[in-house]
>>> print(open('run.cif').read())   # mmCIF, N, CA and C atoms
data_structure
loop_
_atom_site.label_atom_id
_atom_site.label_comp_id
_atom_site.auth_asym_id
_atom_site.auth_seq_id
_atom_site.Cartn_x
_atom_site.Cartn_y
_atom_site.Cartn_z
N MET A 1 -17.47 -122.20 130.55
CA MET A 1 -17.35 -120.80 130.26
C MET A 1 -17.36 -119.98 131.56
N GLN A 2 -18.25 -120.36 132.48
CA GLN A 2 -18.32 -119.63 133.75
C GLN A 2 -17.02 -119.80 134.54
N ALA A 3 -16.51 -121.02 134.54
CA ALA A 3 -15.26 -121.27 135.27
C ALA A 3 -14.13 -120.44 134.66
N THR A 4 -14.13 -120.33 133.33
CA THR A 4 -13.10 -119.53 132.66
C THR A 4 -13.22 -118.07 133.07
N TYR A 5 -14.43 -117.57 133.07
CA TYR A 5 -14.65 -116.17 133.47
C TYR A 5 -14.17 -115.92 134.89
N ILE A 6 -14.51 -116.82 135.77
CA ILE A 6 -14.10 -116.67 137.18
C ILE A 6 -12.58 -116.72 137.30
N GLN A 7 -11.97 -117.65 136.57
CA GLN A 7 -10.51 -117.78 136.61
C GLN A 7 -9.85 -116.51 136.07
N ILE A 8 -10.40 -115.96 134.99
CA ILE A 8 -9.86 -114.71 134.43
C ILE A 8 -9.97 -113.59 135.46
N TYR A 9 -11.13 -113.50 136.09
CA TYR A 9 -11.36 -112.45 137.09
C TYR A 9 -10.37 -112.58 138.25
N GLU A 10 -10.14 -113.82 138.68
CA GLU A 10 -9.23 -114.04 139.82
C GLU A 10 -7.76 -113.83 139.45
N LYS A 11 -7.41 -114.10 138.20
CA LYS A 11 -6.00 -114.06 137.79
C LYS A 11 -5.63 -112.83 136.96
N ILE A 12 -6.54 -111.88 136.82
CA ILE A 12 -6.29 -110.71 135.97
C ILE A 12 -5.02 -109.98 136.39
N SER A 13 -4.69 -110.04 137.66
CA SER A 13 -3.47 -109.35 138.13
C SER A 13 -2.20 -110.00 137.57
N SER A 14 -2.28 -111.25 137.14
CA SER A 14 -1.10 -111.93 136.59
C SER A 14 -0.94 -111.69 135.09
N TYR A 15 -1.95 -111.05 134.46
CA TYR A 15 -1.84 -110.73 133.03
C TYR A 15 -0.79 -109.65 132.84
N GLN A 16 0.09 -109.88 131.87
CA GLN A 16 1.16 -108.91 131.60
C GLN A 16 0.76 -108.05 130.40
N PRO A 17 0.53 -106.77 130.62
CA PRO A 17 0.17 -105.89 129.51
C PRO A 17 1.22 -105.97 128.40
N GLY A 18 0.74 -105.91 127.18
CA GLY A 18 1.65 -106.01 126.03
C GLY A 18 1.65 -107.41 125.44
N THR A 19 1.20 -108.40 126.21
CA THR A 19 1.10 -109.76 125.66
C THR A 19 -0.29 -109.93 125.06
N ASN A 20 -0.46 -110.98 124.31
CA ASN A 20 -1.72 -111.21 123.60
C ASN A 20 -2.80 -111.63 124.60
N LEU A 21 -3.78 -110.75 124.84
CA LEU A 21 -4.86 -111.01 125.79
C LEU A 21 -5.70 -112.22 125.37
N ARG A 22 -5.98 -112.29 124.08
CA ARG A 22 -6.79 -113.40 123.56
C ARG A 22 -6.12 -114.74 123.85
N ASN A 23 -4.85 -114.85 123.58
CA ASN A 23 -4.12 -116.10 123.84
C ASN A 23 -4.10 -116.43 125.34
N TRP A 24 -3.97 -115.41 126.17
CA TRP A 24 -3.95 -115.61 127.62
C TRP A 24 -5.29 -116.21 128.08
N ILE A 25 -6.39 -115.64 127.57
CA ILE A 25 -7.72 -116.14 127.91
C ILE A 25 -7.92 -117.56 127.38
N LEU A 26 -7.51 -117.82 126.14
CA LEU A 26 -7.65 -119.15 125.55
C LEU A 26 -6.81 -120.20 126.30
N THR A 27 -5.67 -119.79 126.80
CA THR A 27 -4.83 -120.71 127.58
C THR A 27 -5.54 -121.09 128.88
N ILE A 28 -6.16 -120.12 129.52
CA ILE A 28 -6.93 -120.42 130.75
C ILE A 28 -8.06 -121.37 130.43
N ALA A 29 -8.80 -121.11 129.35
CA ALA A 29 -9.92 -121.97 128.96
C ALA A 29 -9.44 -123.38 128.64
N LYS A 30 -8.33 -123.48 127.90
CA LYS A 30 -7.79 -124.79 127.53
C LYS A 30 -7.37 -125.57 128.78
N ASN A 31 -6.68 -124.92 129.70
CA ASN A 31 -6.23 -125.60 130.91
C ASN A 31 -7.40 -126.07 131.77
N LEU A 32 -8.44 -125.25 131.86
CA LEU A 32 -9.63 -125.67 132.62
C LEU A 32 -10.32 -126.86 131.95
N ALA A 33 -10.39 -126.84 130.62
CA ALA A 33 -11.01 -127.94 129.89
C ALA A 33 -10.21 -129.23 130.08
N LEU A 34 -8.91 -129.14 130.00
CA LEU A 34 -8.06 -130.33 130.21
C LEU A 34 -8.21 -130.87 131.64
N TYR A 35 -8.27 -129.95 132.61
CA TYR A 35 -8.47 -130.37 133.99
C TYR A 35 -9.79 -131.12 134.14
N GLU A 36 -10.85 -130.58 133.53
CA GLU A 36 -12.17 -131.21 133.61
C GLU A 36 -12.15 -132.59 132.95
N LEU A 37 -11.49 -132.73 131.82
CA LEU A 37 -11.39 -134.03 131.15
C LEU A 37 -10.65 -135.05 132.01
N ARG A 38 -9.55 -134.61 132.63
CA ARG A 38 -8.80 -135.52 133.51
C ARG A 38 -9.65 -135.93 134.71
N LYS A 39 -10.39 -134.97 135.25
CA LYS A 39 -11.24 -135.24 136.41
C LYS A 39 -12.33 -136.25 136.04
N ARG A 40 -12.95 -136.08 134.89
CA ARG A 40 -14.00 -137.00 134.45
C ARG A 40 -13.44 -138.39 134.17
N ALA A 41 -12.21 -138.46 133.68
CA ALA A 41 -11.60 -139.76 133.41
C ALA A 41 -11.38 -140.54 134.70
N ARG A 42 -11.17 -139.83 135.81
CA ARG A 42 -10.95 -140.50 137.10
C ARG A 42 -12.24 -140.93 137.75
N GLU A 43 -13.37 -140.35 137.35
CA GLU A 43 -14.65 -140.69 137.96
C GLU A 43 -15.07 -142.09 137.57
N THR A 44 -15.70 -142.77 138.49
CA THR A 44 -16.22 -144.11 138.22
C THR A 44 -17.63 -143.96 137.68
N LEU A 45 -17.84 -144.50 136.50
CA LEU A 45 -19.16 -144.43 135.91
C LEU A 45 -19.98 -145.60 136.40
N THR A 46 -21.26 -145.37 136.62
CA THR A 46 -22.14 -146.45 137.04
C THR A 46 -23.10 -146.76 135.91
N ASP A 47 -23.44 -148.00 135.80
CA ASP A 47 -24.39 -148.44 134.79
C ASP A 47 -25.78 -148.10 135.28
N ASP A 48 -26.51 -147.30 134.51
CA ASP A 48 -27.84 -146.86 134.93
C ASP A 48 -28.80 -148.03 135.11
N ASP A 49 -28.68 -149.05 134.24
CA ASP A 49 -29.55 -150.21 134.40
C ASP A 49 -29.26 -150.91 135.72
N HIS A 50 -27.98 -150.96 136.08
CA HIS A 50 -27.60 -151.55 137.35
C HIS A 50 -28.19 -150.75 138.51
N LEU A 51 -28.22 -149.43 138.35
CA LEU A 51 -28.80 -148.58 139.39
C LEU A 51 -30.27 -148.92 139.58
N LEU A 52 -31.00 -149.01 138.48
CA LEU A 52 -32.42 -149.34 138.59
C LEU A 52 -32.61 -150.75 139.17
N GLU A 53 -31.71 -151.66 138.79
CA GLU A 53 -31.78 -153.01 139.33
C GLU A 53 -31.55 -152.98 140.84
N SER A 54 -30.61 -152.13 141.27
CA SER A 54 -30.32 -152.04 142.69
C SER A 54 -31.50 -151.42 143.44
N LEU A 55 -32.33 -150.69 142.71
CA LEU A 55 -33.52 -150.14 143.34
C LEU A 55 -34.56 -151.24 143.50
N GLY A 56 -34.28 -152.37 142.91
CA GLY A 56 -35.12 -153.55 143.08
C GLY A 56 -36.45 -153.38 142.41
N GLY A 57 -37.43 -153.98 142.95
CA GLY A 57 -38.75 -153.87 142.40
C GLY A 57 -39.35 -152.60 142.93
N TYR A 58 -38.86 -151.79 143.25
CA TYR A 58 -38.48 -150.52 143.80
C TYR A 58 -38.53 -150.57 145.30
N THR A 59 -37.44 -151.07 145.80
CA THR A 59 -37.27 -151.00 147.25
C THR A 59 -36.44 -149.77 147.50
N TYR A 60 -36.68 -149.13 148.56
CA TYR A 60 -35.92 -147.93 148.90
C TYR A 60 -35.46 -148.05 150.34
N ASP A 61 -34.49 -147.26 150.66
CA ASP A 61 -33.93 -147.26 152.00
C ASP A 61 -35.00 -146.80 152.97
N LYS A 62 -35.43 -147.70 153.83
CA LYS A 62 -36.52 -147.37 154.77
C LYS A 62 -36.13 -146.25 155.73
N SER A 63 -34.83 -146.02 155.91
CA SER A 63 -34.41 -144.93 156.79
C SER A 63 -34.76 -143.57 156.18
N LEU A 64 -34.98 -143.56 154.85
CA LEU A 64 -35.38 -142.33 154.18
C LEU A 64 -36.89 -142.12 154.25
N SER A 65 -37.57 -143.12 154.74
CA SER A 65 -39.02 -143.10 154.70
C SER A 65 -39.62 -142.02 155.59
N THR A 66 -40.64 -141.40 155.03
CA THR A 66 -41.42 -140.40 155.75
C THR A 66 -42.88 -140.78 155.52
N PRO A 67 -43.80 -140.20 156.26
CA PRO A 67 -45.21 -140.50 155.99
C PRO A 67 -45.61 -140.21 154.54
N THR A 68 -45.05 -139.17 153.96
CA THR A 68 -45.38 -138.84 152.57
C THR A 68 -44.84 -139.90 151.61
N ILE A 69 -43.63 -140.37 151.85
CA ILE A 69 -43.06 -141.42 151.00
C ILE A 69 -43.85 -142.71 151.16
N GLU A 70 -44.24 -143.03 152.37
CA GLU A 70 -45.06 -144.22 152.61
C GLU A 70 -46.37 -144.12 151.85
N LEU A 71 -47.01 -142.97 151.92
CA LEU A 71 -48.26 -142.75 151.21
C LEU A 71 -48.05 -142.88 149.70
N ALA A 72 -46.98 -142.29 149.21
CA ALA A 72 -46.67 -142.36 147.77
C ALA A 72 -46.47 -143.81 147.34
N SER A 73 -45.78 -144.60 148.16
CA SER A 73 -45.55 -146.01 147.79
C SER A 73 -46.85 -146.80 147.76
N GLN A 74 -47.83 -146.37 148.52
CA GLN A 74 -49.11 -147.06 148.57
C GLN A 74 -50.05 -146.67 147.43
N ILE A 75 -50.06 -145.38 147.07
CA ILE A 75 -51.07 -144.93 146.10
C ILE A 75 -50.57 -144.81 144.67
N LEU A 76 -49.25 -144.78 144.46
CA LEU A 76 -48.72 -144.63 143.11
C LEU A 76 -48.36 -145.98 142.52
N SER A 77 -48.41 -146.06 141.19
CA SER A 77 -47.95 -147.28 140.53
C SER A 77 -46.45 -147.40 140.76
N GLU A 78 -45.92 -148.58 140.56
CA GLU A 78 -44.49 -148.81 140.79
C GLU A 78 -43.65 -147.87 139.92
N GLU A 79 -44.04 -147.73 138.65
CA GLU A 79 -43.28 -146.87 137.74
C GLU A 79 -43.35 -145.41 138.16
N ASP A 80 -44.55 -144.94 138.52
CA ASP A 80 -44.69 -143.55 138.97
C ASP A 80 -43.91 -143.30 140.25
N PHE A 81 -43.93 -144.27 141.15
CA PHE A 81 -43.20 -144.14 142.40
C PHE A 81 -41.69 -144.06 142.13
N LYS A 82 -41.19 -144.88 141.20
CA LYS A 82 -39.77 -144.82 140.83
C LYS A 82 -39.41 -143.44 140.32
N ILE A 83 -40.26 -142.90 139.45
CA ILE A 83 -39.98 -141.59 138.87
C ILE A 83 -39.93 -140.52 139.96
N VAL A 84 -40.91 -140.54 140.84
CA VAL A 84 -40.95 -139.54 141.92
C VAL A 84 -39.73 -139.69 142.84
N MET A 85 -39.40 -140.91 143.21
CA MET A 85 -38.26 -141.12 144.11
C MET A 85 -36.93 -140.75 143.45
N LEU A 86 -36.75 -141.12 142.18
CA LEU A 86 -35.51 -140.77 141.50
C LEU A 86 -35.35 -139.26 141.37
N TYR A 87 -36.47 -138.56 141.15
CA TYR A 87 -36.40 -137.12 141.00
C TYR A 87 -36.27 -136.42 142.36
N ALA A 88 -37.18 -136.75 143.27
CA ALA A 88 -37.24 -136.02 144.54
C ALA A 88 -36.16 -136.44 145.53
N VAL A 89 -35.89 -137.72 145.62
CA VAL A 89 -34.91 -138.21 146.60
C VAL A 89 -33.53 -138.41 145.95
N GLY A 90 -33.54 -139.03 144.77
CA GLY A 90 -32.28 -139.30 144.08
C GLY A 90 -31.68 -138.08 143.41
N GLU A 91 -32.48 -137.01 143.28
CA GLU A 91 -32.05 -135.75 142.68
C GLU A 91 -31.57 -135.90 141.24
N TYR A 92 -32.19 -136.85 140.50
CA TYR A 92 -31.91 -136.99 139.08
C TYR A 92 -32.79 -136.01 138.32
N LYS A 93 -32.32 -135.60 137.16
CA LYS A 93 -33.12 -134.74 136.29
C LYS A 93 -34.09 -135.62 135.51
N HIS A 94 -35.17 -135.02 135.02
CA HIS A 94 -36.16 -135.79 134.26
C HIS A 94 -35.51 -136.49 133.07
N ARG A 95 -34.59 -135.83 132.39
CA ARG A 95 -33.92 -136.44 131.23
C ARG A 95 -33.12 -137.67 131.66
N GLU A 96 -32.44 -137.59 132.78
CA GLU A 96 -31.66 -138.74 133.27
C GLU A 96 -32.58 -139.90 133.62
N ILE A 97 -33.71 -139.59 134.22
CA ILE A 97 -34.68 -140.63 134.58
C ILE A 97 -35.23 -141.27 133.31
N ALA A 98 -35.53 -140.45 132.32
CA ALA A 98 -36.04 -140.96 131.04
C ALA A 98 -35.03 -141.92 130.42
N ASP A 99 -33.75 -141.56 130.45
CA ASP A 99 -32.71 -142.43 129.91
C ASP A 99 -32.60 -143.72 130.71
N MET A 100 -32.63 -143.62 132.03
CA MET A 100 -32.51 -144.81 132.88
C MET A 100 -33.67 -145.78 132.69
N MET A 101 -34.86 -145.21 132.55
CA MET A 101 -36.05 -146.05 132.49
C MET A 101 -36.48 -146.35 131.05
N HIS A 102 -35.70 -145.85 130.09
CA HIS A 102 -35.99 -146.07 128.66
C HIS A 102 -37.40 -145.59 128.31
N LEU A 103 -37.71 -144.38 128.75
CA LEU A 103 -39.00 -143.76 128.48
C LEU A 103 -38.77 -142.41 127.80
N PRO A 104 -39.74 -141.94 127.02
CA PRO A 104 -39.60 -140.60 126.46
C PRO A 104 -39.62 -139.55 127.57
N LEU A 105 -38.90 -138.46 127.36
CA LEU A 105 -38.83 -137.39 128.35
C LEU A 105 -40.22 -136.86 128.68
N GLY A 106 -41.05 -136.67 127.69
CA GLY A 106 -42.40 -136.17 127.91
C GLY A 106 -43.22 -137.08 128.80
N THR A 107 -43.02 -138.39 128.64
CA THR A 107 -43.73 -139.35 129.47
C THR A 107 -43.31 -139.22 130.93
N VAL A 108 -42.02 -139.07 131.15
CA VAL A 108 -41.50 -138.94 132.52
C VAL A 108 -42.03 -137.67 133.17
N THR A 109 -41.98 -136.55 132.46
CA THR A 109 -42.45 -135.30 133.06
C THR A 109 -43.95 -135.35 133.31
N TYR A 110 -44.70 -135.97 132.40
CA TYR A 110 -46.15 -136.10 132.58
C TYR A 110 -46.46 -136.99 133.79
N LYS A 111 -45.80 -138.16 133.84
CA LYS A 111 -46.05 -139.08 134.95
C LYS A 111 -45.67 -138.45 136.29
N TYR A 112 -44.58 -137.69 136.31
CA TYR A 112 -44.15 -137.03 137.54
C TYR A 112 -45.21 -136.01 137.97
N SER A 113 -45.67 -135.21 137.03
CA SER A 113 -46.67 -134.20 137.32
C SER A 113 -47.97 -134.84 137.83
N MET A 114 -48.42 -135.89 137.16
CA MET A 114 -49.66 -136.57 137.56
C MET A 114 -49.50 -137.24 138.93
N ALA A 115 -48.33 -137.81 139.18
CA ALA A 115 -48.07 -138.46 140.47
C ALA A 115 -48.12 -137.44 141.60
N LEU A 116 -47.54 -136.26 141.36
CA LEU A 116 -47.57 -135.22 142.39
C LEU A 116 -49.00 -134.76 142.66
N LYS A 117 -49.79 -134.62 141.60
CA LYS A 117 -51.19 -134.21 141.78
C LYS A 117 -51.96 -135.26 142.57
N LYS A 118 -51.72 -136.53 142.23
CA LYS A 118 -52.40 -137.62 142.94
C LYS A 118 -51.98 -137.64 144.41
N LEU A 119 -50.71 -137.45 144.66
CA LEU A 119 -50.19 -137.42 146.03
C LEU A 119 -50.74 -136.22 146.79
N GLN A 120 -50.79 -135.08 146.15
CA GLN A 120 -51.32 -133.88 146.80
C GLN A 120 -52.80 -134.07 147.15
N LYS A 121 -53.55 -134.67 146.25
CA LYS A 121 -54.96 -134.93 146.50
C LYS A 121 -55.13 -135.86 147.69
N ALA A 122 -54.30 -136.90 147.75
CA ALA A 122 -54.37 -137.85 148.86
C ALA A 122 -53.98 -137.18 150.17
N LEU A 123 -52.97 -136.33 150.14
CA LEU A 123 -52.55 -135.63 151.36
C LEU A 123 -53.62 -134.66 151.82
N ASN A 124 -54.26 -133.97 150.89
CA ASN A 124 -55.32 -133.03 151.24
C ASN A 124 -56.53 -133.76 151.84
N SER A 125 -56.88 -134.90 151.28
CA SER A 125 -58.01 -135.67 151.83
C SER A 125 -57.66 -136.25 153.19
N LYS A 126 -56.41 -136.58 153.39
CA LYS A 126 -55.95 -137.10 154.69
C LYS A 126 -56.06 -136.01 155.76
N GLU A 127 -55.71 -134.76 155.38
CA GLU A 127 -55.79 -133.64 156.31
C GLU A 127 -57.24 -133.38 156.70
N VAL A 128 -58.14 -133.52 155.76
CA VAL A 128 -59.56 -133.29 156.03
C VAL A 128 -60.09 -134.33 157.00
N ASN A 129 -59.61 -135.56 156.85
CA ASN A 129 -60.06 -136.66 157.71
C ASN A 129 -59.51 -136.57 159.12
N HIS A 130 -58.43 -135.82 159.31
CA HIS A 130 -57.83 -135.73 160.64
C HIS A 130 -58.35 -134.56 161.35
#
>>> encode(input="run.cif", output="structure tokens")
Amino acid sequence: MQATYIQIYEKISSYQPGTNLRNWILTIAKNLALYELRKRARETLTDDDHLLESLGGYTYDKSLSTPTIELASQILSEEDFKIVMLYAVGEYKHREIADMMHLPLGTVTYKYSMALKKLQKALNSKEVNH
């Protein structure tokens, strides 16, 4: 809908007064929808289970490692660490993570929240010790 609105705004000068405005708008919407369908058909879909498998027993690219990620890998359970990494580093949404890991959405959001609190507590205690 947003793309249609933007396209209408950009192309309003090409609208010919006296023609059916509704049909003109619907034609723009239809063409954008068809373009999006063609674009999605060209995209390569990945198997989410394969993605999790490629994450291994959750191995991650060490080049992405930071002291915070190292700490998280040490103090969080494997499942909690996967959730945090998929959300924070992989930029997946909680719903996508829930689907990938075959967990309820509420469980994923709860585990993510608890993992962050645990990590924050560990970071705060580390700061006090330094």
>>> residues_around(input="run.cif", residues="segment 73-78 of chain A", least_positions_apart="3", cutoff="8 Å", atoms="all atoms listed in the file", output="list in words")
Gly57, Tyr58, Pro67, Thr68, Ile69, Glu70, Phe81, Lys82, Ile83, Val84, Ala115, Lys118 and Leu119 of chain A
>>> write_last_selection(input="run.cif", atoms="N, CA and C atoms", output="compact mmCIF listing (two decimals), keeping the file's coordinate frame")
# COMPACT_ATOMS: atom_id res chain seq x y z
N GLY A 57 -37.43 -153.98 142.95
CA GLY A 57 -38.75 -153.87 142.40
C GLY A 57 -39.35 -152.60 142.93
N TYR A 58 -38.86 -151.79 143.25
CA TYR A 58 -38.48 -150.52 143.80
C TYR A 58 -38.53 -150.57 145.30
N PRO A 67 -43.80 -140.20 156.26
CA PRO A 67 -45.21 -140.50 155.99
C PRO A 67 -45.61 -140.21 154.54
N THR A 68 -45.05 -139.17 153.96
CA THR A 68 -45.38 -138.84 152.57
C THR A 68 -44.84 -139.90 151.61
N ILE A 69 -43.63 -140.37 151.85
CA ILE A 69 -43.06 -141.42 151.00
C ILE A 69 -43.85 -142.71 151.16
N GLU A 70 -44.24 -143.03 152.37
CA GLU A 70 -45.06 -144.22 152.61
C GLU A 70 -46.37 -144.12 151.85
N PHE A 81 -43.93 -144.27 141.15
CA PHE A 81 -43.20 -144.14 142.40
C PHE A 81 -41.69 -144.06 142.13
N LYS A 82 -41.19 -144.88 141.20
CA LYS A 82 -39.77 -144.82 140.83
C LYS A 82 -39.41 -143.44 140.32
N ILE A 83 -40.26 -142.90 139.45
CA ILE A 83 -39.98 -141.59 138.87
C ILE A 83 -39.93 -140.52 139.96
N VAL A 84 -40.91 -140.54 140.84
CA VAL A 84 -40.95 -139.54 141.92
C VAL A 84 -39.73 -139.69 142.84
N ALA A 115 -48.33 -137.81 139.18
CA ALA A 115 -48.07 -138.46 140.47
C ALA A 115 -48.12 -137.44 141.60
N LYS A 118 -51.72 -136.53 142.23
CA LYS A 118 -52.40 -137.62 142.94
C LYS A 118 -51.98 -137.64 144.41
N LEU A 119 -50.71 -137.45 144.66
CA LEU A 119 -50.19 -137.42 146.03
C LEU A 119 -50.74 -136.22 146.79
>>> atom_distance(input="run.cif", atom1="atom C of Ala29 of chain A", atom2="atom C of Tyr92 of chain A")
28.3 Å
>>> resolve_selection(input="run.cif", expression="the PyMOL selection byres (((chain A and resi 1 and name CA) around 10) and name CA)", output="PyMOL selection string")
chain A and resi 2-7+29+32-33
>>> atom_distance(input="run.cif", atom1="atom N of Glu96 of chain A", atom2="atom N of Asn124 of chain A")
28.6 Å
>>> atom_distance(input="run.cif", atom1="atom CA of Tyr35 of chain A", atom2="atom CA of Lys93 of chain A")
25.1 Å
>>> residues_around(input="run.cif", residues="His94 of chain A", least_positions_apart="3", cutoff="7 Å", atoms="only C-alpha atoms", output="list in words")
Tyr87, Ile97, Ala98, Leu105, Val108 and Thr109 of chain A
